[in-house]
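Enquirer: My structure file data.tsv, TSV, C-alpha atoms, is below:
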chain	number	residue	atom	x	y	z
A	1	MET	CA	-33.32	-39.82	29.36
A	2	VAL	CA	-35.06	-37.15	27.32
A	3	ALA	CA	-35.70	-38.63	23.91
A	4	LEU	CA	-38.80	-37.35	22.20
A	5	ALA	CA	-38.86	-40.06	19.59
A	6	MET	CA	-41.22	-42.17	17.57
A	7	ALA	CA	-42.47	-45.57	18.69
A	8	ALA	CA	-41.82	-48.91	17.02
A	9	CYS	CA	-42.55	-52.55	17.75
A	10	ALA	CA	-40.03	-53.87	20.28
A	11	PRO	CA	-38.49	-57.36	20.51
A	12	ALA	CA	-38.62	-59.40	23.67
A	13	THR	CA	-34.96	-58.61	24.53
A	14	GLY	CA	-32.39	-55.88	23.88
A	15	THR	CA	-31.24	-55.04	20.39
A	16	THR	CA	-27.93	-54.40	18.63
A	17	LEU	CA	-26.93	-51.01	17.27
A	18	GLU	CA	-25.69	-51.23	13.69
A	19	GLY	CA	-23.82	-48.57	11.74
A	20	VAL	CA	-21.52	-47.54	14.60
A	21	THR	CA	-17.99	-47.83	13.20
A	22	PRO	CA	-14.83	-45.68	13.57
A	23	ARG	CA	-15.07	-42.48	11.51
A	24	THR	CA	-12.77	-39.75	10.23
A	25	VAL	CA	-14.01	-36.28	9.31
A	26	ALA	CA	-12.37	-32.94	8.48
A	27	VAL	CA	-13.19	-29.63	10.15
A	28	GLY	CA	-16.08	-27.92	8.39
A	29	ASN	CA	-17.43	-31.14	6.85
A	30	GLU	CA	-20.59	-32.85	8.08
A	31	LEU	CA	-20.30	-36.29	9.62
A	32	GLU	CA	-23.43	-38.33	8.88
A	33	VAL	CA	-24.02	-41.69	10.58
A	34	TYR	CA	-27.06	-43.89	9.93
A	35	LEU	CA	-28.01	-46.02	12.92
A	36	ARG	CA	-30.16	-49.15	12.86
A	37	ALA	CA	-31.59	-51.08	15.79
A	38	LEU	CA	-34.38	-53.63	15.38
A	39	GLY	CA	-37.34	-52.49	17.47
A	40	GLY	CA	-35.56	-49.40	18.76
A	41	ASP	CA	-38.04	-46.88	20.19
A	42	SER	CA	-35.64	-44.14	21.35
A	43	PHE	CA	-32.08	-43.10	20.52
A	44	ASP	CA	-29.57	-40.92	22.37
A	45	PHE	CA	-25.85	-40.12	22.43
A	46	GLU	CA	-23.09	-38.82	24.71
A	47	SER	CA	-19.62	-37.51	23.87
A	48	ASP	CA	-16.33	-36.49	25.46
A	49	ILE	CA	-16.80	-33.07	23.80
A	50	ASP	CA	-18.45	-30.37	25.91
A	51	PHE	CA	-21.30	-29.00	23.77
A	52	SER	CA	-22.91	-27.08	26.66
A	53	ARG	CA	-21.79	-23.63	25.47
A	54	ARG	CA	-22.20	-24.11	21.73
A	55	THR	CA	-25.09	-22.76	19.72
A	56	VAL	CA	-24.76	-25.29	16.88
A	57	LEU	CA	-25.09	-28.83	18.24
A	58	PRO	CA	-25.03	-32.35	16.82
A	59	SER	CA	-28.45	-33.70	15.88
A	60	LEU	CA	-29.94	-37.17	16.25
A	61	LEU	CA	-33.12	-37.80	14.28
A	62	PRO	CA	-35.16	-41.03	14.52
A	63	TYR	CA	-37.17	-41.57	11.34
A	64	GLY	CA	-39.00	-44.88	11.65
A	65	GLY	CA	-38.37	-48.60	11.52
A	66	GLY	CA	-35.78	-48.54	14.31
A	67	GLN	CA	-33.53	-46.19	12.36
A	68	ALA	CA	-31.95	-42.82	13.10
A	69	VAL	CA	-29.44	-40.44	11.54
A	70	PHE	CA	-26.73	-38.59	13.49
A	71	ARG	CA	-25.20	-35.40	12.05
A	72	TRP	CA	-22.30	-33.32	13.34
A	73	THR	CA	-20.03	-30.67	11.79
A	74	PRO	CA	-16.80	-30.32	13.82
A	75	LEU	CA	-15.06	-26.99	14.43
A	76	ALA	CA	-11.34	-26.19	14.49
A	77	ASP	CA	-11.30	-26.74	18.29
A	78	ASP	CA	-12.40	-30.34	17.73
A	79	VAL	CA	-9.25	-31.49	15.88
A	80	GLY	CA	-8.08	-34.76	17.45
A	81	ASP	CA	-9.58	-38.05	18.64
A	82	HIS	CA	-13.00	-38.22	20.27
A	83	VAL	CA	-15.58	-40.77	21.38
A	84	PHE	CA	-19.34	-40.77	20.84
A	85	GLN	CA	-21.49	-43.32	22.66
A	86	PHE	CA	-24.88	-44.10	21.16
A	87	SER	CA	-27.70	-45.81	23.03
A	88	VAL	CA	-31.02	-47.28	21.98
A	89	ARG	CA	-33.93	-48.63	24.03
A	90	ALA	CA	-36.04	-51.57	22.88
A	91	ASN	CA	-38.75	-53.09	25.11
A	92	GLY	CA	-37.29	-51.32	28.14
A	93	VAL	CA	-33.76	-52.66	27.56
A	94	ASP	CA	-30.87	-50.27	26.74
A	95	SER	CA	-28.08	-51.17	24.32
A	96	THR	CA	-25.00	-49.04	23.66
A	97	ALA	CA	-22.22	-48.81	21.09
A	98	THR	CA	-19.11	-46.62	21.03
A	99	MET	CA	-17.90	-44.77	17.92
A	100	PRO	CA	-14.34	-43.36	17.82
A	101	VAL	CA	-14.11	-40.21	15.68
A	102	THR	CA	-10.91	-38.61	14.41
A	103	VAL	CA	-11.25	-34.96	13.40
A	104	LEU	CA	-8.65	-33.71	10.92
A	105	PRO	CA	-7.76	-30.10	10.09
A	106	GLY	CA	-9.90	-28.94	7.21
A	107	SER	CA	-11.32	-26.00	5.36
A	108	ASP	CA	-12.92	-24.52	8.51
A	109	GLN	CA	-15.78	-23.08	6.49
A	110	LEU	CA	-17.48	-19.85	7.43
A	111	ALA	CA	-20.59	-20.43	9.53
A	112	PHE	CA	-23.28	-18.10	10.84
A	113	ARG	CA	-23.63	-18.35	14.64
A	114	GLN	CA	-26.23	-15.62	15.03
A	115	PRO	CA	-29.13	-15.36	14.65
A	116	ILE	CA	-30.19	-18.87	15.62
A	117	GLY	CA	-33.02	-20.13	13.46
A	118	ALA	CA	-34.41	-19.17	10.07
A	119	GLY	CA	-36.46	-16.12	10.97
A	120	THR	CA	-38.35	-14.08	13.50
A	121	THR	CA	-41.71	-12.45	14.06
A	122	PHE	CA	-42.15	-8.67	14.14
A	123	ASP	CA	-45.11	-6.78	15.62
A	124	PHE	CA	-45.16	-3.63	13.48
A	125	SER	CA	-47.97	-2.15	15.58
A	126	ALA	CA	-45.68	-2.12	18.64
A	127	HIS	CA	-42.34	-1.12	17.10
A	128	PRO	CA	-41.52	0.74	13.85
A	129	CYS	CA	-38.17	-1.05	13.32
A	130	LEU	CA	-36.63	-4.46	13.92
A	131	SER	CA	-32.91	-4.99	14.69
A	132	VAL	CA	-31.17	-8.36	14.32
A	133	GLU	CA	-27.46	-9.12	14.79
A	134	PHE	CA	-25.70	-11.44	12.32
A	135	ALA	CA	-22.42	-13.00	13.46
A	136	VAL	CA	-19.97	-15.34	11.75
A	137	ASP	CA	-17.52	-17.82	13.33
A	138	ASN	CA	-14.31	-18.80	11.58
A	139	ALA	CA	-10.96	-19.74	13.10
A	140	SER	CA	-8.89	-19.02	10.00
A	141	ALA	CA	-10.50	-15.76	8.82
A	142	ASP	CA	-10.06	-12.68	11.03
A	143	GLU	CA	-12.05	-10.43	8.71
A	144	VAL	CA	-15.29	-11.24	6.91
A	145	ALA	CA	-17.44	-9.02	4.70
A	146	LEU	CA	-21.17	-9.29	5.44
A	147	SER	CA	-23.48	-8.00	2.71
A	148	PRO	CA	-27.11	-8.20	1.47
A	149	GLY	CA	-27.95	-10.92	-1.04
A	150	GLU	CA	-31.02	-11.70	-3.09
A	151	PRO	CA	-33.83	-11.69	-2.04
A	152	TRP	CA	-33.63	-8.48	-0.03
A	153	ALA	CA	-36.40	-6.28	1.33
A	154	ALA	CA	-36.81	-2.57	0.68
A	155	ASN	CA	-36.13	-0.48	3.79
A	156	ALA	CA	-33.80	-3.19	5.15
A	157	GLU	CA	-30.23	-2.08	5.88
A	158	LEU	CA	-27.22	-4.18	6.88
A	159	GLU	CA	-24.42	-2.33	8.67
A	160	GLN	CA	-21.16	-4.14	9.49
A	161	THR	CA	-20.28	-3.41	13.13
A	162	ASP	CA	-16.93	-5.22	13.38
A	163	SER	CA	-14.83	-7.78	11.51
A	164	LEU	CA	-17.27	-10.65	12.09
A	165	THR	CA	-20.67	-9.10	12.85
A	166	ALA	CA	-23.29	-6.90	11.23
A	167	GLN	CA	-26.57	-5.33	12.36
A	168	LEU	CA	-29.74	-5.67	10.30
A	169	LYS	CA	-32.27	-2.84	10.66
A	170	PHE	CA	-35.65	-3.26	9.02
A	171	CYS	CA	-38.18	-0.40	9.06
A	172	PRO	CA	-41.06	-1.28	6.72
A	173	THR	CA	-43.67	1.25	5.70
A	174	ALA	CA	-47.34	0.77	6.54
A	175	ALA	CA	-48.02	0.13	2.85
A	176	GLU	CA	-45.41	-2.66	2.76
A	177	VAL	CA	-46.91	-4.28	5.83
A	178	ARG	CA	-50.36	-4.25	4.23
A	179	SER	CA	-49.04	-5.73	0.96
A	180	SER	CA	-46.92	-8.56	2.35
A	181	SER	CA	-46.74	-10.61	5.52
A	182	VAL	CA	-43.38	-12.35	4.97
A	183	PHE	CA	-40.12	-10.63	3.97
A	184	PRO	CA	-37.38	-13.15	3.01
A	185	LEU	CA	-33.76	-11.98	3.23
A	186	LEU	CA	-30.38	-13.44	2.31
A	187	VAL	CA	-27.19	-12.32	4.09
A	188	LEU	CA	-23.83	-13.17	2.47
A	189	ALA	CA	-20.48	-13.68	4.22
A	190	ASP	CA	-17.17	-13.68	2.32
A	191	SER	CA	-13.64	-13.99	3.70
A	192	LYS	CA	-11.16	-11.22	2.90
A	193	ASP	CA	-9.21	-13.49	0.54
A	194	GLY	CA	-12.40	-14.48	-1.29
A	195	ARG	CA	-11.85	-18.21	-0.73
A	196	GLN	CA	-14.67	-18.81	1.76
A	197	HIS	CA	-18.34	-18.02	1.39
A	198	ALA	CA	-21.47	-18.62	3.49
A	199	GLU	CA	-25.12	-17.66	3.18
A	200	LYS	CA	-27.84	-17.16	5.80
A	201	ARG	CA	-31.50	-17.18	4.79
A	202	PHE	CA	-33.72	-15.26	7.19
A	203	ALA	CA	-37.46	-14.50	7.04
A	204	ILE	CA	-39.19	-11.65	8.86
A	205	VAL	CA	-42.85	-12.41	9.49
A	206	ILE	CA	-44.91	-9.26	9.96
A	207	GLY	CA	-47.79	-8.96	12.36
A	208	LYS	CA	-48.97	-11.38	14.97
A	209	ILE	CA	-48.78	-15.00	13.99
A	210	ALA	CA	-51.47	-17.46	15.01
A	211	PRO	CA	-52.06	-21.15	14.53
A	212	ALA	CA	-53.48	-21.74	11.06
A	213	LEU	CA	-57.28	-21.78	11.19
A	214	ASP	CA	-59.57	-23.99	9.19
A	215	ALA	CA	-60.81	-21.62	6.47
A	216	ALA	CA	-64.33	-23.04	6.75
A	217	VAL	CA	-64.57	-22.11	10.44
A	218	PRO	CA	-64.41	-18.36	11.17
A	219	PRO	CA	-62.72	-17.41	14.46
A	220	ASP	CA	-64.92	-16.98	17.52
A	221	ALA	CA	-65.54	-13.26	17.90
A	222	GLY	CA	-65.85	-13.66	21.63
A	223	SER	CA	-62.58	-15.48	22.17
A	224	LYS	CA	-59.56	-13.88	23.81
A	225	PRO	CA	-57.36	-12.05	21.29
A	226	MET	CA	-53.90	-13.62	21.03
A	227	ASP	CA	-50.85	-11.50	21.81
A	228	ALA	CA	-47.67	-10.49	20.04
A	229	ALA	CA	-46.72	-13.85	18.67
A	230	ARG	CA	-49.81	-15.77	17.69
A	231	VAL	CA	-52.41	-13.74	15.81
A	232	ASP	CA	-52.36	-13.96	12.03
A	233	ALA	CA	-52.73	-10.52	10.44
A	234	ASP	CA	-54.38	-11.91	7.29
A	235	LEU	CA	-56.70	-14.84	7.94
A	236	PRO	CA	-57.90	-16.65	4.80
A	237	SER	CA	-61.48	-16.12	3.68
A	238	VAL	CA	-64.07	-18.89	3.95
A	239	ASP	CA	-63.46	-20.14	0.40
A	240	GLY	CA	-59.71	-19.62	0.61
A	241	GLY	CA	-59.71	-16.39	-1.43
A	242	SER	CA	-58.47	-15.99	-4.99
A	243	PRO	CA	-54.94	-15.64	-6.35
A	244	ASP	CA	-53.89	-12.41	-8.06
A	245	ASP	CA	-53.60	-14.23	-11.40
A	246	GLY	CA	-57.33	-15.00	-11.46
A	247	GLY	CA	-56.78	-18.74	-11.17
A	248	ASP	CA	-58.38	-21.20	-8.78
A	249	VAL	CA	-59.19	-20.34	-5.18
A	250	CYS	CA	-56.32	-20.15	-2.73
A	251	PRO	CA	-55.36	-23.41	-1.01
A	252	ILE	CA	-56.56	-23.71	2.56
A	253	ALA	CA	-54.52	-26.73	3.71
A	254	ALA	CA	-52.11	-25.83	6.50
A	255	PRO	CA	-48.99	-27.77	7.57
A	256	VAL	CA	-49.65	-30.76	9.83
A	257	ILE	CA	-47.35	-31.40	12.80
A	258	VAL	CA	-47.30	-34.83	14.48
A	259	HIS	CA	-45.23	-34.66	17.66
A	260	THR	CA	-45.16	-36.91	20.73
A	261	ALA	CA	-44.52	-34.49	23.56
A	262	LYS	CA	-43.57	-34.99	27.16
A	263	THR	CA	-45.81	-33.25	29.70
A	264	ASP	CA	-45.13	-30.75	32.44
A	265	GLN	CA	-45.39	-33.65	34.90
A	266	ASP	CA	-42.38	-35.45	33.40
A	267	VAL	CA	-39.04	-35.11	35.23
A	268	PHE	CA	-35.74	-36.44	33.83
A	269	THR	CA	-32.34	-36.76	35.48
A	270	TYR	CA	-30.36	-35.87	32.43
A	271	GLU	CA	-27.74	-33.32	31.27
A	272	SER	CA	-27.02	-34.24	27.63
A	273	PRO	CA	-28.38	-32.10	24.76
A	274	LEU	CA	-32.13	-32.30	24.17
A	275	HIS	CA	-33.48	-33.74	20.92
A	276	ILE	CA	-36.89	-32.60	19.65
A	277	ASN	CA	-38.47	-34.53	16.77
A	278	ALA	CA	-41.66	-34.25	14.71
A	279	LEU	CA	-43.27	-35.45	11.49
A	280	VAL	CA	-44.32	-32.37	9.48
A	281	THR	CA	-46.18	-32.45	6.15
A	282	ASN	CA	-47.97	-30.08	3.76
A	283	PRO	CA	-49.35	-30.79	0.25
A	284	ASP	CA	-47.40	-27.93	-1.39
A	285	GLY	CA	-44.19	-28.19	0.61
A	286	LEU	CA	-42.76	-26.36	3.60
A	287	GLN	CA	-40.89	-23.10	3.88
A	288	GLY	CA	-39.49	-24.09	7.26
A	289	VAL	CA	-40.04	-25.78	10.60
A	290	LEU	CA	-38.92	-23.91	13.72
A	291	LEU	CA	-38.46	-24.83	17.36
A	292	PHE	CA	-39.09	-22.01	19.85
A	293	TYR	CA	-37.80	-22.73	23.35
A	294	SER	CA	-36.97	-21.22	26.73
A	295	SER	CA	-35.95	-22.30	30.21
A	296	THR	CA	-37.63	-19.19	31.65
A	297	PRO	CA	-41.44	-19.24	32.04
A	298	PRO	CA	-43.03	-16.81	29.56
A	299	ALA	CA	-45.14	-14.03	31.04
A	300	ASP	CA	-48.22	-15.47	29.32
A	301	MET	CA	-48.13	-19.27	29.30
A	302	MET	CA	-51.15	-19.60	27.00
A	303	TYR	CA	-50.05	-17.04	24.39
A	304	PRO	CA	-46.27	-16.63	24.78
A	305	ASP	CA	-44.38	-13.92	22.92
A	306	LEU	CA	-42.16	-15.86	20.50
A	307	THR	CA	-39.84	-12.89	19.99
A	308	LYS	CA	-38.64	-13.41	23.56
A	309	MET	CA	-37.87	-17.13	23.05
A	310	SER	CA	-34.82	-18.71	21.42
A	311	SER	CA	-35.36	-20.49	18.11
A	312	ILE	CA	-33.63	-22.88	15.74
A	313	GLU	CA	-34.61	-24.28	12.36
A	314	LEU	CA	-35.19	-28.04	12.40
A	315	SER	CA	-33.45	-30.26	9.85
A	316	CYS	CA	-35.05	-33.05	7.86
A	317	SER	CA	-33.44	-36.42	7.12
A	318	ASP	CA	-35.99	-38.01	4.77
A	319	CYS	CA	-37.94	-35.11	3.28
A	320	THR	CA	-39.94	-35.40	0.09
A	321	GLU	CA	-41.84	-32.60	-1.67
A	322	THR	CA	-44.55	-32.83	0.99
A	323	GLY	CA	-42.39	-33.02	4.14
A	324	GLY	CA	-40.85	-35.62	6.41
A	325	HIS	CA	-39.26	-36.17	9.83
A	326	PHE	CA	-37.68	-33.03	11.33
A	327	SER	CA	-35.31	-32.82	14.28
A	328	GLY	CA	-33.42	-30.25	16.31
A	329	THR	CA	-30.89	-30.45	19.13
A	330	VAL	CA	-30.47	-27.77	21.79
A	331	ARG	CA	-28.39	-27.36	24.92
A	332	ASN	CA	-29.85	-28.80	28.11
A	333	PRO	CA	-30.54	-25.85	30.47
A	334	VAL	CA	-29.00	-27.76	33.42
A	335	ALA	CA	-25.77	-28.66	31.59
A	336	SER	CA	-23.68	-25.89	33.20
A	337	LEU	CA	-25.39	-26.00	36.62
A	338	LYS	CA	-24.40	-27.87	39.79
A	339	SER	CA	-25.63	-31.38	40.60
A	340	GLY	CA	-29.26	-31.48	41.71
A	341	SER	CA	-30.22	-28.32	39.85
A	342	ARG	CA	-33.45	-28.47	37.89
A	343	LYS	CA	-34.93	-26.48	35.04
A	344	THR	CA	-38.21	-26.65	33.15
A	345	PHE	CA	-37.83	-26.63	29.37
A	346	TYR	CA	-40.68	-24.83	27.56
A	347	TYR	CA	-41.10	-25.19	23.80
A	348	LEU	CA	-43.40	-25.20	20.80
A	349	LEU	CA	-43.05	-26.05	17.11
A	350	SER	CA	-44.14	-24.01	14.11
A	351	ALA	CA	-44.33	-24.82	10.41
A	352	ILE	CA	-44.87	-22.36	7.54
A	353	ASP	CA	-45.90	-23.28	4.00
A	354	TYR	CA	-45.08	-21.67	0.63
A	355	ASP	CA	-48.63	-20.73	-0.40
A	356	ASP	CA	-47.93	-16.98	-0.54
A	357	VAL	CA	-45.03	-17.71	-2.94
A	358	LEU	CA	-46.58	-20.49	-5.02
A	359	TYR	CA	-49.95	-18.73	-5.33
A	360	PRO	CA	-49.39	-14.94	-5.63
A	361	GLY	CA	-52.13	-13.06	-3.82
A	362	CYS	CA	-52.81	-15.91	-1.40
A	363	ASP	CA	-51.86	-16.09	2.28
A	364	TYR	CA	-49.26	-18.41	3.73
A	365	HIS	CA	-50.33	-20.76	6.55
A	366	VAL	CA	-48.67	-21.25	9.93
A	367	THR	CA	-49.30	-24.22	12.21
A	368	PHE	CA	-48.22	-24.33	15.85
A	369	ASP	CA	-47.85	-27.38	18.08
A	370	PRO	CA	-49.41	-27.01	20.57
A	371	PRO	CA	-52.04	-24.67	19.05
A	372	THR	CA	-52.04	-22.64	22.28
A	373	GLY	CA	-49.79	-22.83	25.30
A	374	LEU	CA	-46.48	-24.68	25.45
A	375	HIS	CA	-45.05	-28.16	25.80
A	376	SER	CA	-42.78	-28.52	28.82
A	377	PHE	CA	-40.81	-30.99	30.87
A	378	THR	CA	-38.23	-30.77	33.68
A	379	THR	CA	-34.58	-31.86	33.61
A	380	VAL	CA	-32.42	-32.42	36.71
A	381	LYS	CA	-28.60	-32.30	36.74
A	382	PRO	CA	-27.30	-35.72	37.89
Would you give me this structure, written as structure tokens?

Expert:
Amino acid sequence: MVALAMAACAPATGTTLEGVTPRTVAVGNELEVYLRALGGDSFDFESDIDFSRRTVLPSLLPYGGGQAVFRWTPLADDVGDHVFQFSVRANGVDSTATMPVTVLPGSDQLAFRQPIGAGTTFDFSAHPCLSVEFAVDNASADEVALSPGEPWAANAELEQTDSLTAQLKFCPTAAEVRSSSVFPLLVLADSKDGRQHAEKRFAIVIGKIAPALDAAVPPDAGSKPMDAARVDADLPSVDGGSPDDGGDVCPIAAPVIVHTAKTDQDVFTYESPLHINALVTNPDGLQGVLLFYSSTPPADMMYPDLTKMSSIELSCSDCTETGGHFSGTVRNPVASLKSGSRKTFYYLLSAIDYDDVLYPGCDYHVTFDPPTGLHSFTTVKP
């Protein structure tokens, strides 16, 4: 099984899964289940629901001490009775428990299905404009108004293309690119009757993003320049620089990502959704943690172009002001293929802090895991 999870001390025998009891949830509401298993070192789940073609998947996040949290928001198509089977491994022994779930008709809230993730990178030197499609899913609303919210960037336009989609076009000026490296946006969705409302926060990061560098160590002038996704346009100065308000020097601490990754030598016979977990921290908080992934090898394996990879924003189950355990669940690339098919899953994690917001005039920091290249492993359809 593919379960990129944290380790814990294991007992001599199998363990018992606690917290798995019959549940009832309404469409549009989040089902949250806390699992406990003494000594559990990896968690997983299966279901009678086919999630292979959905963009928004259930998540299962281990967060220490043999505990995990499962989250799922059912859609209108899920009304009825279902079964989820959870499994945990302790000291090499698997234990399972079955959870019946009854999904009732509910509010069927508006939900953004596109774009996946909380933002994207944009190489202004290569293209003058960026286009992003925003799409909403809702079974009970056949017409939704999509409009700009606050914050909104100058020279960003949102044009509704049909009843449930809109196209964002962002064409910043050279002066705007020099003055700011991150442009946060908020897109609003409202049903025609005004009873349903949803919001999508989306950040456009200008330039070429790189792993955060230690401010005390200038980059090697002879090293290979990174390509469209991993070169920071505004590296901090040696002393961190100074804020616009004349206060103390800019902070130089970057987010820290602790992630136990599989390697490109690992092969798993497995077709369930993939769960990616990491502990991410930063002294002044986090703007977001993203998972970039692909089942197609990037053209440059050392410095992949993130704009050509899919992305999702990871969720946190135990976050404090300085971070916590983040998790994301994505479709297994072999889920819809025939038995015996295999795919390599390529991915990396990124975390962005709030330093450009908290300290006006200072640069934000981005950390990638791995710093260069990609994590990868192979899955085989049973």

Enquirer: Show which residues sit within 12 Å of A:Ala299, as a list in words. Count all atoms listed in the file, and ignore same-chain residues fewer than 3 positions away.

Expert: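 Residues near the query, excluding close chain neighbours: Asp227, Ala228, Ser294, Thr296, Met302, Tyr303, Pro304, Asp305, Leu306, Lys308, Met309 and Gly373 of chain A.
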
Enquirer: Generate a file of the selected residues that holds C-alpha atoms, formatted as an mmCIF file, in the frame of the given file.

Expert:
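Written out: out-v3.cif:
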data_model
loop_
_atom_site.group_PDB
_atom_site.id
_atom_site.type_symbol
_atom_site.label_atom_id
_atom_site.label_comp_id
_atom_site.auth_asym_id
_atom_site.auth_seq_id
_atom_site.Cartn_x
_atom_site.Cartn_y
_atom_site.Cartn_z
ATOM 1 C CA ASP A 227 -50.850 -11.500 21.810
ATOM 2 C CA ALA A 228 -47.670 -10.490 20.040
ATOM 3 C CA SER A 294 -36.970 -21.220 26.730
ATOM 4 C CA THR A 296 -37.630 -19.190 31.650
ATOM 5 C CA MET A 302 -51.150 -19.600 27.000
ATOM 6 C CA TYR A 303 -50.050 -17.040 24.390
ATOM 7 C CA PRO A 304 -46.270 -16.630 24.780
ATOM 8 C CA ASP A 305 -44.380 -13.920 22.920
ATOM 9 C CA LEU A 306 -42.160 -15.860 20.500
ATOM 10 C CA LYS A 308 -38.640 -13.410 23.560
ATOM 11 C CA MET A 309 -37.870 -17.130 23.050
ATOM 12 C CA GLY A 373 -49.790 -22.830 25.300
#

Enquirer: Compare A:Val88, A:Leu60, A:Val289, A:Ile252 by their minimum atom-to-atom distance to A:Arg36, counting only C-alpha atoms, and give me the closest one.

Expert: A:Val88

Enquirer: Work out how far apart atom CA of A:Leu186 and atom CA of A:Arg113 are and give it in Å to one decimal.

Expert: 14.9 Å

Enquirer: Give me, as a PyMOL selection string, all polymer residues having an atom no more than 10 Å from A:Ser336, counting all atoms listed in the file and skipping those fewer than 3 positions away in the same chain.

Expert: chain A and resi 52-53+271+331-333+339+341+381

Enquirer: Tell me which of A:Asp284, A:Asp190, A:Asp81, A:Asp355 sits closest to A:Val25, counting all atoms listed in the file.

Expert: A:Asp81

Enquirer: Would you mind listing what lies within 6 Å of A:Leu185 as JSON, numbers by chain, with only C-alpha atoms counted and same-chain residues fewer than 6 positions away left out?

Expert: {"A": [151, 152, 201, 202, 203]}

Enquirer: Got time to write the residues from that selection, C-alpha atoms, as a PDB file, in the frame of the given file?

Expert:
ATOM      1  CA  PRO A 151     -33.830 -11.690  -2.040  1.00  0.00           C
ATOM      2  CA  TRP A 152     -33.630  -8.480  -0.030  1.00  0.00           C
ATOM      3  CA  ARG A 201     -31.500 -17.180   4.790  1.00  0.00           C
ATOM      4  CA  PHE A 202     -33.720 -15.260   7.190  1.00  0.00           C
ATOM      5  CA  ALA A 203     -37.460 -14.500   7.040  1.00  0.00           C
TER       6      ALA A 203
END

Enquirer: Using all atoms listed in the file, which protein or nucleic acid residues come within 8 Å of A:Glu133? Drop anything in the same chain fewer than 4 positions from it, and give the result as a PyMOL selection string.

Expert: chain A and resi 114-115+165-168

Enquirer: At what distance in Å, to one decimal, does atom CA of A:Thr120 lie from atom CA of A:Pro360?

Expert: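 Between atom CA of A:Pro360 and atom CA of A:Thr120 the gap is 22.1 Å.
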
Enquirer: List the neighbours of A:Leu348 out to 8 Å using only C-alpha atoms; skip same-chain residues closer than 3 positions along the sequence, and give me the result as a short mmCIF file (atom, residue, chain, number, x, y, z; two decimals) with C-alpha atoms, in the frame of the given file.

Expert:
data_model
loop_
_atom_site.label_atom_id
_atom_site.label_comp_id
_atom_site.auth_asym_id
_atom_site.auth_seq_id
_atom_site.Cartn_x
_atom_site.Cartn_y
_atom_site.Cartn_z
CA LEU A 291 -38.46 -24.83 17.36
CA PHE A 292 -39.09 -22.01 19.85
CA TYR A 293 -37.80 -22.73 23.35
CA PHE A 368 -48.22 -24.33 15.85
CA ASP A 369 -47.85 -27.38 18.08
CA PRO A 370 -49.41 -27.01 20.57
CA LEU A 374 -46.48 -24.68 25.45
CA HIS A 375 -45.05 -28.16 25.80
#

Enquirer: In terms of the shortest atom-to-atom distance over all atoms listed in the file, which of A:Leu358, A:Cys129, A:Ala351, A:Leu75 is closest to A:Pro255?

Expert: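 Closest to A:Pro255, using all atoms listed in the file: A:Ala351.
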
Enquirer: Between A:Gly119, A:Gly194, A:Gly40, A:Gly66, single out the one closest to A:Phe134, counting all atoms listed in the file.

Expert: A:Gly119

Enquirer: So what do you get for atom CA of A:Ala254 versus atom CA of A:His365, distance-wise?

Expert: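 Calculated distance between atom CA of A:Ala254 and atom CA of A:His365 is 5.4 Å.
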
Enquirer: Which of these, A:Ser131, A:Ser163, A:Ser42, A:Ser376, has the shortest distance to A:Lys192 once you count only C-alpha atoms?

Expert: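 Smallest separation from A:Lys192 among the options: A:Ser163.
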
Enquirer: Would you mind telling me which residue in A:His127, A:Arg89, A:Lys338, A:Arg54 lies nearest to A:Leu38 when using all atoms listed in the file?

Expert: A:Arg89

Enquirer: Emit as AutoDock Vina command-line options the padded axis-aligned box for all listed atoms of stretch 162-180 of chain A, 6 Å per side, with centre and edge lengths in Å to one decimal.

Expert:
--center_x -32.6 --center_y -4.7 --center_z 7.2 --size_x 47.5 --size_y 23.9 --size_z 24.4
